[in-house]
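upload-v9.txt (compact mmCIF, C-alpha atoms) appears below.
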```
# COMPACT_ATOMS: atom_id res chain seq x y z
CA MET A 173 22.76 -20.90 21.93
CA SER A 174 25.29 -19.67 24.43
CA HIS A 175 26.38 -16.48 22.65
CA SER A 176 24.40 -13.52 21.35
CA PRO A 177 22.80 -14.10 17.96
CA PHE A 178 23.42 -10.43 17.14
CA ALA A 179 26.30 -8.72 15.40
CA GLU A 180 26.55 -5.71 17.68
CA ASN A 181 28.47 -2.47 18.07
CA LEU A 182 29.51 -2.19 14.44
CA ARG A 183 30.22 1.30 13.22
CA ALA A 184 28.73 2.36 9.88
CA PRO A 185 29.61 2.55 7.10
CA TYR A 186 30.30 -1.11 6.49
CA TYR A 187 28.91 -3.78 4.15
CA ALA A 188 26.26 -6.46 4.48
CA VAL A 189 25.88 -9.60 2.39
CA ILE A 190 22.21 -10.57 2.60
CA PHE A 191 21.82 -14.22 1.62
CA SER A 192 18.23 -15.49 1.47
CA SER A 193 17.78 -19.14 0.59
CA LEU A 194 15.38 -22.03 0.45
CA ARG A 195 17.02 -25.35 1.30
CA THR A 196 16.44 -28.58 -0.52
CA PRO A 197 15.25 -31.50 1.67
CA GLY A 198 17.84 -33.51 3.59
CA ASP A 199 21.15 -32.49 5.08
CA ASN A 200 23.67 -33.86 2.54
CA ASP A 201 26.66 -32.47 4.48
CA TYR A 202 25.09 -29.05 4.63
CA ALA A 203 25.30 -28.46 8.39
CA ALA A 204 28.95 -29.50 8.73
CA THR A 205 29.92 -27.52 5.65
CA ALA A 206 28.09 -24.41 6.86
CA GLU A 207 29.91 -24.65 10.18
CA ARG A 208 33.26 -24.97 8.41
CA MET A 209 32.49 -22.00 6.14
CA LEU A 210 31.54 -19.88 9.14
CA ALA A 211 34.85 -20.70 10.81
CA LEU A 212 36.76 -19.81 7.65
CA ALA A 213 34.82 -16.60 7.01
CA SER A 214 35.24 -15.47 10.61
CA ALA A 215 39.01 -15.66 10.18
CA MET A 216 39.03 -13.51 7.02
CA PRO A 217 40.33 -9.94 7.20
CA GLY A 218 37.43 -7.50 7.27
CA PHE A 219 34.87 -9.95 8.67
CA LEU A 220 32.77 -8.13 11.28
CA GLY A 221 30.05 -10.59 12.24
CA VAL A 222 27.08 -12.64 11.09
CA GLU A 223 23.41 -13.11 11.92
CA SER A 224 21.56 -16.17 10.69
CA VAL A 225 18.21 -17.88 11.07
CA ARG A 226 16.36 -20.65 9.23
CA GLY A 227 12.73 -21.59 9.71
CA ALA A 228 11.19 -25.04 9.83
CA ASP A 229 9.96 -24.55 6.24
CA GLY A 230 13.57 -24.39 5.00
CA PHE A 231 13.63 -20.68 4.24
CA GLY A 232 16.52 -18.84 5.85
CA ILE A 233 18.31 -15.52 5.92
CA THR A 234 21.99 -15.10 6.71
CA VAL A 235 23.48 -11.62 6.85
CA SER A 236 27.25 -11.36 7.12
CA TYR A 237 28.92 -8.04 7.81
CA TRP A 238 32.22 -6.88 6.31
CA GLN A 239 34.44 -3.86 6.47
CA ASP A 240 34.49 -3.22 2.75
CA GLU A 241 33.83 -4.70 -0.67
CA ALA A 242 37.40 -5.98 -1.00
CA SER A 243 36.89 -8.21 2.04
CA ILE A 244 33.73 -9.65 0.49
CA ALA A 245 35.49 -10.27 -2.82
CA ALA A 246 38.37 -12.05 -1.08
CA TRP A 247 35.97 -14.38 0.74
CA ARG A 248 34.06 -15.10 -2.46
CA LYS A 249 37.32 -16.18 -4.13
CA HIS A 250 38.63 -18.23 -1.19
CA ALA A 251 39.94 -21.56 -2.53
CA GLU A 252 37.89 -23.69 -0.14
CA HIS A 253 34.78 -21.52 -0.48
CA LEU A 254 34.58 -21.67 -4.29
CA PRO A 255 33.62 -25.36 -4.68
CA VAL A 256 31.17 -24.99 -1.79
CA GLN A 257 29.41 -22.17 -3.63
CA GLU A 258 29.04 -24.46 -6.65
CA ARG A 259 27.74 -27.30 -4.52
CA GLY A 260 25.22 -24.93 -2.95
CA LYS A 261 23.81 -23.99 -6.34
CA ARG A 262 23.71 -27.61 -7.44
CA GLU A 263 22.58 -29.40 -4.32
CA TRP A 264 21.62 -27.40 -1.22
CA TYR A 265 19.44 -24.55 -2.43
CA GLU A 266 16.16 -24.64 -4.27
CA HIS A 267 16.66 -20.94 -4.76
CA TYR A 268 18.70 -18.11 -3.32
CA GLU A 269 19.01 -14.36 -3.58
CA LEU A 270 22.30 -12.67 -2.71
CA ARG A 271 22.58 -8.94 -2.16
CA ILE A 272 25.57 -6.79 -1.37
CA ALA A 273 24.61 -3.62 0.44
CA ARG A 274 26.36 -0.70 2.07
CA VAL A 275 25.10 -0.16 5.63
CA GLU A 276 24.65 3.57 6.07
CA ARG A 277 22.71 4.02 9.31
CA THR A 278 21.94 1.84 12.29
CA SER A 279 20.00 1.87 15.51
CA SER A 280 19.29 -0.66 18.20
CA SER A 281 16.93 -1.20 21.09
CA PRO A 282 17.39 0.94 24.19
CA PRO A 283 19.86 -0.71 26.59
CA SER A 284 17.44 -0.85 29.52
CA GLY A 285 14.04 -1.00 27.89
CA LYS A 286 12.62 -3.73 30.15
CA MET B 18 3.13 -20.84 2.50
CA SER B 19 1.44 -20.40 -0.81
CA HIS B 20 3.59 -17.60 -2.21
CA SER B 21 7.35 -17.29 -2.66
CA PRO B 22 9.25 -16.24 0.47
CA PHE B 23 11.65 -14.28 -1.76
CA ALA B 24 11.62 -10.67 -2.87
CA GLU B 25 12.65 -11.27 -6.46
CA ASN B 26 13.50 -9.35 -9.61
CA LEU B 27 14.36 -6.10 -7.88
CA ARG B 28 16.73 -3.85 -9.77
CA ALA B 29 19.65 -2.32 -7.84
CA PRO B 30 20.23 0.23 -6.54
CA TYR B 31 17.53 0.14 -3.91
CA TYR B 32 17.44 0.09 -0.11
CA ALA B 33 17.19 -2.65 2.49
CA VAL B 34 16.06 -2.33 6.09
CA ILE B 35 17.65 -5.22 7.97
CA PHE B 36 15.78 -5.79 11.24
CA SER B 37 17.24 -8.48 13.52
CA SER B 38 15.38 -9.15 16.72
CA LEU B 39 14.97 -11.46 19.67
CA ARG B 40 11.35 -11.82 20.80
CA THR B 41 10.18 -11.82 24.38
CA PRO B 42 8.15 -14.89 25.42
CA GLY B 43 4.43 -14.94 24.67
CA ASP B 44 2.46 -13.46 21.80
CA ASN B 45 0.88 -10.37 23.41
CA ASP B 46 -0.79 -9.29 20.13
CA TYR B 47 2.50 -9.56 18.27
CA ALA B 48 1.37 -11.83 15.44
CA ALA B 49 -1.76 -9.86 14.58
CA THR B 50 0.09 -6.56 14.80
CA ALA B 51 2.92 -7.81 12.59
CA GLU B 52 0.39 -8.92 9.99
CA ARG B 53 -1.29 -5.49 10.10
CA MET B 54 2.06 -3.70 9.78
CA LEU B 55 2.99 -5.83 6.79
CA ALA B 56 -0.28 -4.93 5.09
CA LEU B 57 0.28 -1.23 5.76
CA ALA B 58 3.93 -1.27 4.68
CA SER B 59 3.11 -3.14 1.49
CA ALA B 60 0.74 -0.34 0.51
CA MET B 61 3.34 2.39 1.01
CA PRO B 62 4.90 4.12 -2.02
CA GLY B 63 8.37 2.75 -2.67
CA PHE B 64 7.81 -0.59 -0.92
CA LEU B 65 9.44 -3.31 -3.03
CA GLY B 66 9.12 -6.48 -0.98
CA VAL B 67 10.03 -8.26 2.23
CA GLU B 68 11.75 -11.44 3.38
CA SER B 69 11.28 -12.68 6.92
CA VAL B 70 12.09 -15.67 9.09
CA ARG B 71 12.05 -16.40 12.82
CA GLY B 72 13.54 -19.44 14.49
CA ALA B 73 12.12 -21.49 17.34
CA ASP B 74 14.56 -19.75 19.72
CA GLY B 75 12.84 -16.40 19.09
CA PHE B 76 15.60 -14.86 17.01
CA GLY B 77 14.43 -13.50 13.66
CA ILE B 78 15.54 -11.46 10.69
CA THR B 79 13.20 -9.38 8.54
CA VAL B 80 14.57 -7.54 5.54
CA SER B 81 12.25 -5.09 3.81
CA TYR B 82 13.20 -3.55 0.49
CA TRP B 83 12.45 0.02 -0.54
CA GLN B 84 13.04 2.23 -3.54
CA ASP B 85 14.81 4.98 -1.65
CA GLU B 86 15.46 6.46 1.78
CA ALA B 87 12.46 8.78 1.54
CA SER B 88 10.15 5.76 1.33
CA ILE B 89 11.73 4.29 4.46
CA ALA B 90 11.41 7.58 6.33
CA ALA B 91 7.73 7.89 5.38
CA TRP B 92 7.02 4.39 6.69
CA ARG B 93 8.89 5.09 9.92
CA LYS B 94 6.70 8.16 10.49
CA HIS B 95 3.39 6.47 9.56
CA ALA B 96 0.79 7.42 12.19
CA GLU B 97 -0.25 3.83 12.88
CA HIS B 98 3.33 2.53 12.79
CA LEU B 99 4.76 4.95 15.37
CA PRO B 100 2.99 3.58 18.48
CA VAL B 101 3.75 0.05 17.31
CA GLN B 102 7.46 0.85 17.20
CA GLU B 103 7.24 2.06 20.79
CA ARG B 104 5.35 -1.02 21.87
CA GLY B 105 7.98 -3.19 20.19
CA LYS B 106 10.76 -1.59 22.20
CA ARG B 107 8.75 -1.88 25.41
CA GLU B 108 7.12 -5.24 25.07
CA TRP B 109 7.96 -7.48 22.12
CA TYR B 110 11.72 -7.39 21.72
CA GLU B 111 14.42 -8.39 24.15
CA HIS B 112 16.80 -6.74 21.75
CA TYR B 113 16.91 -5.59 18.15
CA GLU B 114 19.35 -4.18 15.65
CA LEU B 115 18.11 -2.11 12.72
CA ARG B 116 20.28 -1.29 9.73
CA ILE B 117 19.54 0.77 6.66
CA ALA B 118 21.64 -0.28 3.71
CA ARG B 119 21.93 0.57 0.05
CA VAL B 120 21.79 -2.55 -2.12
CA GLU B 121 24.44 -2.16 -4.77
CA ARG B 122 24.80 -5.57 -6.43
CA THR B 123 22.71 -8.70 -6.53
CA SER B 124 22.78 -12.22 -7.88
CA SER B 125 20.50 -15.20 -7.58
CA SER B 126 20.56 -18.94 -8.17
CA PRO B 127 20.59 -20.14 -11.76
CA PRO B 128 17.03 -20.52 -13.11
CA SER B 129 17.41 -24.21 -13.97
CA GLY B 130 20.07 -25.44 -11.60
CA LYS B 131 18.31 -28.68 -10.67
```
Structure re-expressed in structure tokens:
Amino acid sequence: MSHSPFAENLRAPYYAVIFSSLRTPGDNDYAATAERMLALASAMPGFLGVESVRGADGFGITVSYWQDEASIAAWRKHAEHLPVQERGKREWYEHYELRIARVERTSSSPPSGK
Amino acid sequence: MSHSPFAENLRAPYYAVIFSSLRTPGDNDYAATAERMLALASAMPGFLGVESVRGADGFGITVSYWQDEASIAAWRKHAEHLPVQERGKREWYEHYELRIARVERTSSSPPSGK
């Protein structure tokens, strides 16, 4: 990818939504929908960034970062996001775990470690 | 894999260590060391579970779950873990971000959604 996969330089405290999921086989509009949801989420007030990875076995983790719980709640209730959440439960995920967590402390690798 | 990739049935509040990283090329003992660290961490008091995935591009997210901050601090100071952390900074990671977060609310996919 052309941009950093990291959400960097965020200042705690803030919130993380940790979404771990196992995909069902086949795409079934998943990729295009995920891209659309990312564009919508990124435009929401309080959105700080996202980190996401999925392995060849279909297991993936996406962590989105938000300023506060109200921002997360607003995104969860977004009119275009709601039916997508239902479709995810029904069609795209064998299983998922969703966690809302308050980021309290952070560190990162030294800037010139190499 | 033969076991579930999910850390399931944890009861909030608990803590998450969100470790996002970009690997350097080559293995350089990384895989064996990671396996050893997982075995050690799993035996620590307060360890609740772990979820981990790395993509073909070298970017990965590992989230480990712990009962409290004291458990996380004890693991960080573990005598065999300390030199491995230093080696990670020096050798295995182009970059990483580490976040300690308090998990406040959780949900998961319906048990019989399919």
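Among the candidates A:Gly230, A:Leu270, A:Gln257, A:Ser236, the residue lying nearest to Arg195 of chain A is A:Gly230 (atoms considered: only C-alpha atoms).
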Report the closest atom pair, with its distance in Å rounded to one decimal, for each residue of chain B that has an atom no farther than 7 Å from chain A; count only C-alpha atoms, sort by chain and then rising residue number, and write it as a tab-separated table.
```
residue	atom	partner	partner_atom	distance
B:Val70	CA	A:Gly227	CA	6.0
B:Arg71	CA	A:Gly227	CA	6.1
B:Gly72	CA	A:Gly227	CA	5.3
B:Gly77	CA	A:Val225	CA	6.3
B:Ile78	CA	A:Ile233	CA	6.8
B:Lys106	CA	A:Ser281	CA	6.3
B:Arg107	CA	A:Gly285	CA	5.9
B:His112	CA	A:Ser281	CA	5.6
B:Tyr113	CA	A:Ser281	CA	5.3
B:Glu114	CA	A:Ser280	CA	4.3
B:Leu115	CA	A:Ser279	CA	5.2
B:Arg116	CA	A:Thr278	CA	4.4
B:Ile117	CA	A:Arg277	CA	5.3
B:Ala118	CA	A:Val275	CA	4.0
B:Arg119	CA	A:Ala273	CA	5.0
B:Val120	CA	A:Ala273	CA	4.0
B:Glu121	CA	A:Ala273	CA	5.4
B:Arg122	CA	A:Ile272	CA	5.3
B:Thr123	CA	A:Arg271	CA	4.4
B:Ser124	CA	A:Leu270	CA	5.2
B:Ser125	CA	A:Glu269	CA	4.4
B:Ser126	CA	A:Tyr268	CA	5.3
B:Gly130	CA	A:Arg262	CA	5.9
B:Lys131	CA	A:Arg262	CA	6.4
```
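What separates atom CA of Pro197 of chain A from atom CA of Val67 of chain B is a distance of 23.8 Å.
Between atom CA of Arg104 of chain B and atom CA of Ala48 of chain B the separation is 13.2 Å.
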Superimposed copy of chain A on chain B by least squares over C-alpha atoms, as a CSV table (one decimal) with C-alpha atoms, keeping the file's coordinate frame:
```csv
chain,number,residue,atom,x,y,z
A,173,MET,CA,3.2,-20.8,2.6
A,174,SER,CA,1.5,-20.4,-0.7
A,175,HIS,CA,3.6,-17.6,-2.2
A,176,SER,CA,7.4,-17.3,-2.7
A,177,PRO,CA,9.2,-16.2,0.5
A,178,PHE,CA,11.6,-14.3,-1.8
A,179,ALA,CA,11.6,-10.7,-2.9
A,180,GLU,CA,12.7,-11.3,-6.5
A,181,ASN,CA,13.5,-9.4,-9.6
A,182,LEU,CA,14.4,-6.1,-7.9
A,183,ARG,CA,16.7,-3.9,-9.8
A,184,ALA,CA,19.6,-2.3,-7.8
A,185,PRO,CA,20.2,0.2,-6.5
A,186,TYR,CA,17.5,0.2,-3.9
A,187,TYR,CA,17.4,0.1,-0.1
A,188,ALA,CA,17.2,-2.7,2.5
A,189,VAL,CA,16.0,-2.3,6.1
A,190,ILE,CA,17.6,-5.2,8.0
A,191,PHE,CA,15.8,-5.8,11.2
A,192,SER,CA,17.2,-8.5,13.5
A,193,SER,CA,15.4,-9.1,16.7
A,194,LEU,CA,15.0,-11.5,19.7
A,195,ARG,CA,11.4,-11.8,20.8
A,196,THR,CA,10.2,-11.8,24.4
A,197,PRO,CA,8.2,-14.9,25.4
A,198,GLY,CA,4.4,-15.0,24.6
A,199,ASP,CA,2.5,-13.5,21.8
A,200,ASN,CA,0.9,-10.4,23.4
A,201,ASP,CA,-0.8,-9.3,20.1
A,202,TYR,CA,2.5,-9.6,18.3
A,203,ALA,CA,1.4,-11.8,15.4
A,204,ALA,CA,-1.8,-9.9,14.6
A,205,THR,CA,0.1,-6.6,14.8
A,206,ALA,CA,2.9,-7.8,12.6
A,207,GLU,CA,0.4,-8.9,10.0
A,208,ARG,CA,-1.3,-5.5,10.1
A,209,MET,CA,2.0,-3.7,9.8
A,210,LEU,CA,3.0,-5.8,6.8
A,211,ALA,CA,-0.3,-4.9,5.1
A,212,LEU,CA,0.3,-1.2,5.8
A,213,ALA,CA,3.9,-1.3,4.7
A,214,SER,CA,3.1,-3.1,1.5
A,215,ALA,CA,0.7,-0.3,0.5
A,216,MET,CA,3.3,2.4,1.0
A,217,PRO,CA,4.9,4.1,-2.0
A,218,GLY,CA,8.4,2.8,-2.7
A,219,PHE,CA,7.8,-0.6,-0.9
A,220,LEU,CA,9.4,-3.3,-3.0
A,221,GLY,CA,9.1,-6.5,-1.0
A,222,VAL,CA,10.0,-8.3,2.2
A,223,GLU,CA,11.7,-11.4,3.4
A,224,SER,CA,11.3,-12.7,6.9
A,225,VAL,CA,12.1,-15.7,9.1
A,226,ARG,CA,12.1,-16.4,12.8
A,227,GLY,CA,13.5,-19.5,14.5
A,228,ALA,CA,12.1,-21.5,17.3
A,229,ASP,CA,14.6,-19.8,19.7
A,230,GLY,CA,12.8,-16.4,19.1
A,231,PHE,CA,15.6,-14.9,17.0
A,232,GLY,CA,14.4,-13.5,13.7
A,233,ILE,CA,15.5,-11.5,10.7
A,234,THR,CA,13.2,-9.4,8.6
A,235,VAL,CA,14.6,-7.5,5.5
A,236,SER,CA,12.2,-5.1,3.8
A,237,TYR,CA,13.2,-3.5,0.5
A,238,TRP,CA,12.4,0.0,-0.6
A,239,GLN,CA,13.0,2.3,-3.5
A,240,ASP,CA,14.8,5.0,-1.6
A,241,GLU,CA,15.5,6.5,1.8
A,242,ALA,CA,12.5,8.8,1.5
A,243,SER,CA,10.1,5.8,1.3
A,244,ILE,CA,11.7,4.3,4.5
A,245,ALA,CA,11.4,7.6,6.3
A,246,ALA,CA,7.7,7.9,5.4
A,247,TRP,CA,7.0,4.4,6.7
A,248,ARG,CA,8.9,5.1,9.9
A,249,LYS,CA,6.7,8.2,10.5
A,250,HIS,CA,3.4,6.5,9.6
A,251,ALA,CA,0.8,7.4,12.2
A,252,GLU,CA,-0.2,3.8,12.9
A,253,HIS,CA,3.3,2.5,12.8
A,254,LEU,CA,4.8,4.9,15.4
A,255,PRO,CA,3.0,3.6,18.5
A,256,VAL,CA,3.8,0.0,17.3
A,257,GLN,CA,7.5,0.8,17.2
A,258,GLU,CA,7.2,2.0,20.8
A,259,ARG,CA,5.4,-1.1,21.9
A,260,GLY,CA,8.0,-3.2,20.2
A,261,LYS,CA,10.8,-1.6,22.2
A,262,ARG,CA,8.8,-1.9,25.4
A,263,GLU,CA,7.1,-5.3,25.1
A,264,TRP,CA,8.0,-7.5,22.1
A,265,TYR,CA,11.7,-7.4,21.7
A,266,GLU,CA,14.4,-8.4,24.1
A,267,HIS,CA,16.8,-6.7,21.7
A,268,TYR,CA,16.9,-5.6,18.2
A,269,GLU,CA,19.4,-4.2,15.6
A,270,LEU,CA,18.1,-2.1,12.7
A,271,ARG,CA,20.3,-1.3,9.7
A,272,ILE,CA,19.5,0.8,6.7
A,273,ALA,CA,21.6,-0.3,3.7
A,274,ARG,CA,21.9,0.6,0.1
A,275,VAL,CA,21.8,-2.5,-2.1
A,276,GLU,CA,24.4,-2.2,-4.8
A,277,ARG,CA,24.8,-5.6,-6.4
A,278,THR,CA,22.7,-8.7,-6.5
A,279,SER,CA,22.8,-12.2,-7.9
A,280,SER,CA,20.5,-15.2,-7.6
A,281,SER,CA,20.6,-18.9,-8.2
A,282,PRO,CA,20.6,-20.2,-11.8
A,283,PRO,CA,17.0,-20.6,-13.1
A,284,SER,CA,17.4,-24.2,-13.9
A,285,GLY,CA,20.1,-25.5,-11.5
A,286,LYS,CA,18.3,-28.7,-10.6
```
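Look at Phe219 of chain A: the protein and nucleic acid residues within 10 Å of it, using all atoms listed in the file and passing over chain neighbours fewer than 2 places away, are A:Tyr187, A:Ala213, A:Ser214, A:Ala215, A:Met216, A:Pro217, A:Gly221, A:Val222, A:Ser236, A:Tyr237, A:Trp238, A:Gln239, A:Asp240, A:Ser243, A:Ile244, A:Trp247.
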| Point-to-point distance in Å for atom CA of Ala51 of chain B and atom CA of Val101 of chain B | 9.2 Å
